[in-house]
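Novice: Before we start, here is the structure in question, set down as structure tokens.
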Amino acid sequence: MSMQANTDERAPGETGEPPDTGAARPAAEERHRLTALQGLAALSLDAMASVAYGPEAIVLVLAAAGAHGLGFTLPVTLAIATLLAVLVASYRQVIAAFPDGGGSYAVARRHLGRRTSLVTAASLVLDYVLNVAVSVTAGVAALTSAFPSLHDDRLWICLGVLALVTGVNLRGIAESAKVFIVPTAIFVGSVLALIVAGLLRDEPASTEAAAGHASALADDATTVGALLLLKAFAAGCSALTGVEAVANAVPAFRAPARRRAQRTEVALGALLGVMLIGLSVLIGRFHLQPVEGVTVLAQLADAALGHNWAFFVVQFATVVLLALAANTSFGGLPVLMALLARDNYLPHVFGLKADRQVHRHGVLALAAVSALLLVFSGGDVNTLVPLFAIGVFVGFTICQVGMVVHWRQERSPGRRGKALLNGFGALLTGVSAVVVTATRFLDGAWLIVLALPLLVLVFEAVHRAYGRIGERLELGRVPEPPHRCHSVVVVPVSSLSRLTSQALTAAVSLGDEVVAVTVTDPETESLRRDWELWNPGVDLVELPAPTRAALGRPIVEYVRELSGRHPGDRVTVLIPEVEPARLWQRLLQNQRGAVVAHAVRRDTDAVICRLRFRVAG
């Protein structure tokens, strides 16, 4: 039976098996998994691309305090880098403790209880979906800034980029990683070159990019207080989204998966930290001020490299990476959905893998919901940004608290220091989550506050449904021994052909008694004569129909009549169907088999058997 309830209540990572050997994986399967370098390209795009808007988010908040406020850009960035180091260290431990993936969900599942784990999962799902929409719209926004004539077509461009990223991921995460290695390397290399070149200059090489644009500094500057610094810190923490993606997708790595994933997490944190701090140093070095219509990163590239080909390389690399940063979600969310499906909180179809080790249904579901968000926003990034990053901070905080509990239960050396580190991280991310939600509530964050508990309720409803199914199937109990019963096979026919002969041959092989049935129409008389001449040894029963178009109802009523006369019999409806060699030829079929199968499945308890007769092209 296709619907099976999973009663295994163990959390990810609690299998009791050696977690990091990969011995059970076939060599062909390993080919479709990630190396550390491929993992950095496939799972870090979100985090890497955030350097394009993270420092800018800090500067825009501090601009409310005028030029004096911008002087706090580096201290705020250093605080964010400290939090980044805490998160990277924490997620290295998460990877070691939970090699089956799931990240924050896995930690909460084991240490904080079922309901808390569902809140974590819901927050991660929302953040992953929003990351796709924000990344695609941000990338397209950068493109339309360079080519204003494309602005009116931005929604279609967004949908096209989404379709491209989805198609690449349907070919497998390892394949997508190979595609994204080059743009990731170009972006990281160009930003690092920008930082080095800027540090070697005493003054800007060019200010042409910002020339003629109005300053975004506030005219009535406020004082630099604790609230403003908290807002700047919370805004800049958008650069930390994606740090958790590696821990969520540990099973996607080649063996030894745990060690490869840990190396990838450290490399991600190091590169992100260097870029964030380096860009912030340059903001202060060049006394950069935000202007309308030009990004902070564009101004830095102009000042450090000059308004030449190098400037346009940085801009083009930023456009491409922002558009492709959605790949982080395609690498992490399908794995998380597979774990939720394993725990009976999502339909089990999300746990299935295609030949290339792709959770295809998770990829398609993510693409579909993201497309709806793009249509809802009209491809406007500013509509989506207020919704972004709230979910990930909820997940960060719960994960840190869960790891504190983990270390309290462990008896390993240094557990107190690790627990203090995680506790400090929980405090920082918890404060950030509150500040981000409060400051963006009226701008759209209320939607996330509403959607998060609704998603938890959906998880609970799915879990209860699987629980009822498990009770009906008596899962976990020893079933009664199988026994033979009298079998009646009903074969719907409409004409005599080779298909009819194949169907009856299969039927007499399956059942003790075989009955052919046909729904009466003007052709029935000739079919009866031909049947008598053929004499297959199977009775033909004519079923009256209220209208000529009726097909399913007469067969359903006949099956019910058989079941009523002989309650102990097992009734099987064998439906013969032609399967053409070419996909387009299936449109030529009358779909009678599908109509009959639907009616019998809906209104009876009969077994349905569909016999496919393949026709060569």
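Chain labels A, B, ... are given in the sequence in which chains occur in the structure tokens; within each chain residues are numbered consecutively from 1, and ligands are likewise numbered from 1 in the order shown.
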Residues of stretch 469-585 of chain A in helix (DSSP H, G or I) according to DSSP, as a ChimeraX atom specification?

Specialist: /A:469-473,498-510,524-534,552-565,583-585

Novice: Quick one: everything within 7 Å of stretch 188-200 of chain A, counting only C-alpha atoms, minus sequence neighbours fewer than 3 positions away in the same chain. Send it as a list in words.

Specialist: Thr184, Ala185, Met275, Gly278, Leu279, Leu282, Ala301, Ala304, Leu305 and Val314 of chain A

Novice: So, counting only C-alpha atoms, which residue among A:Val490, A:Ala41, A:Val107, A:Leu170 is closest to A:Leu364?

Specialist: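 Of A:Val490, A:Ala41, A:Val107, A:Leu170, the one nearest A:Leu364 is A:Leu170, counting only C-alpha atoms.
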
Novice: Write out as a count of residues only which residues come within 6 Å of A:Ala108 when counting only C-alpha atoms, dropping same-chain ones fewer than 3 positions away.

Specialist: 5

Novice: So, counting only C-alpha atoms, which residue among A:Val615, A:Leu150, A:Val488, A:Ala606 is closest to A:Asp569?

Specialist: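 Closest to A:Asp569, using only C-alpha atoms: A:Val488.
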
Novice: Can you tell me which residues surround stretch 571-576 of chain A at a distance of at most 10 Å, considering only C-alpha atoms, apart from same-chain residues fewer than 6 positions away, and format the answer as a PyMOL selection string?

Specialist: chain A and resi 486-493+499-504+506-507+510-511+513-516+555-556+559-560+562-563+592-594+596-597+600-601+604-613

Novice: Which of these residues is nearest to A:Leu37, using only C-alpha atoms: A:Thr207, A:Thr264, A:Ser50, A:Asn169?

Specialist: A:Thr264

Novice: Determine, for each residue of stretch 292-385 of chain A having at least one atom at most 8 Å from an atom of stretch 86-104 of chain A, the closest pair of atoms and their separation in Å to one decimal, counting only C-alpha atoms; order by chain and ascending number, as a Markdown table.

Specialist:
| residue | atom | partner | partner_atom | distance |
| --- | --- | --- | --- | --- |
| A:Val335 | CA | A:Gly102 | CA | 7.2 |
| A:Leu336 | CA | A:Gly102 | CA | 5.4 |
| A:Leu339 | CA | A:Gly102 | CA | 6.8 |

Novice: Name all residues at most 9 Å from A:Ala371 (count only C-alpha atoms; drop same-chain ones fewer than 2 positions away) and give them as a list in words.

Specialist: Ala133, Cys158, Leu159, Leu162, Leu366, Ala367, Ala368, Val369, Leu373, Leu374, Val375 and Phe376 of chain A

Novice: Can you tell me how far atom CA of A:Phe316 sits from atom CA of A:Ala205, in Å to one decimal?

Specialist: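 We find that atom CA of A:Phe316 and atom CA of A:Ala205 lie 19.7 Å from each other.
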
Novice: To one decimal place in Å, what is the distance between atom CA of A:Gly331 and atom CA of A:Ala317?

Specialist: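 Distance between the two atoms: 21.1 Å.
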
Novice: With distances taken over only C-alpha atoms, which residue among A:Pro204, A:Pro347, A:Pro536, A:Pro251 lies nearest A:Phe459?

Specialist: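 Checking each of A:Pro204, A:Pro347, A:Pro536, A:Pro251 against A:Phe459, counting only C-alpha atoms, the winner is A:Pro347.
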
Novice: Mind checking DSSP for stretch 112-315 of chain A and telling me the strand (DSSP E or B) residues as a ChimeraX atom specification?

Specialist: /A:215,253,291,294

Novice: What's the separation between atom CA of A:Gly351 and atom CA of A:Leu333, in Å to one decimal place?

Specialist: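 Distance reported for this atom pair: 11.7 Å.
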
Novice: Taking only C-alpha atoms into account, name the residue in A:Val363, A:Leu143, A:Leu322, A:Leu455 that is nearest to A:Leu124.

Specialist: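 Under the stated criterion, the closest residue is A:Leu455.
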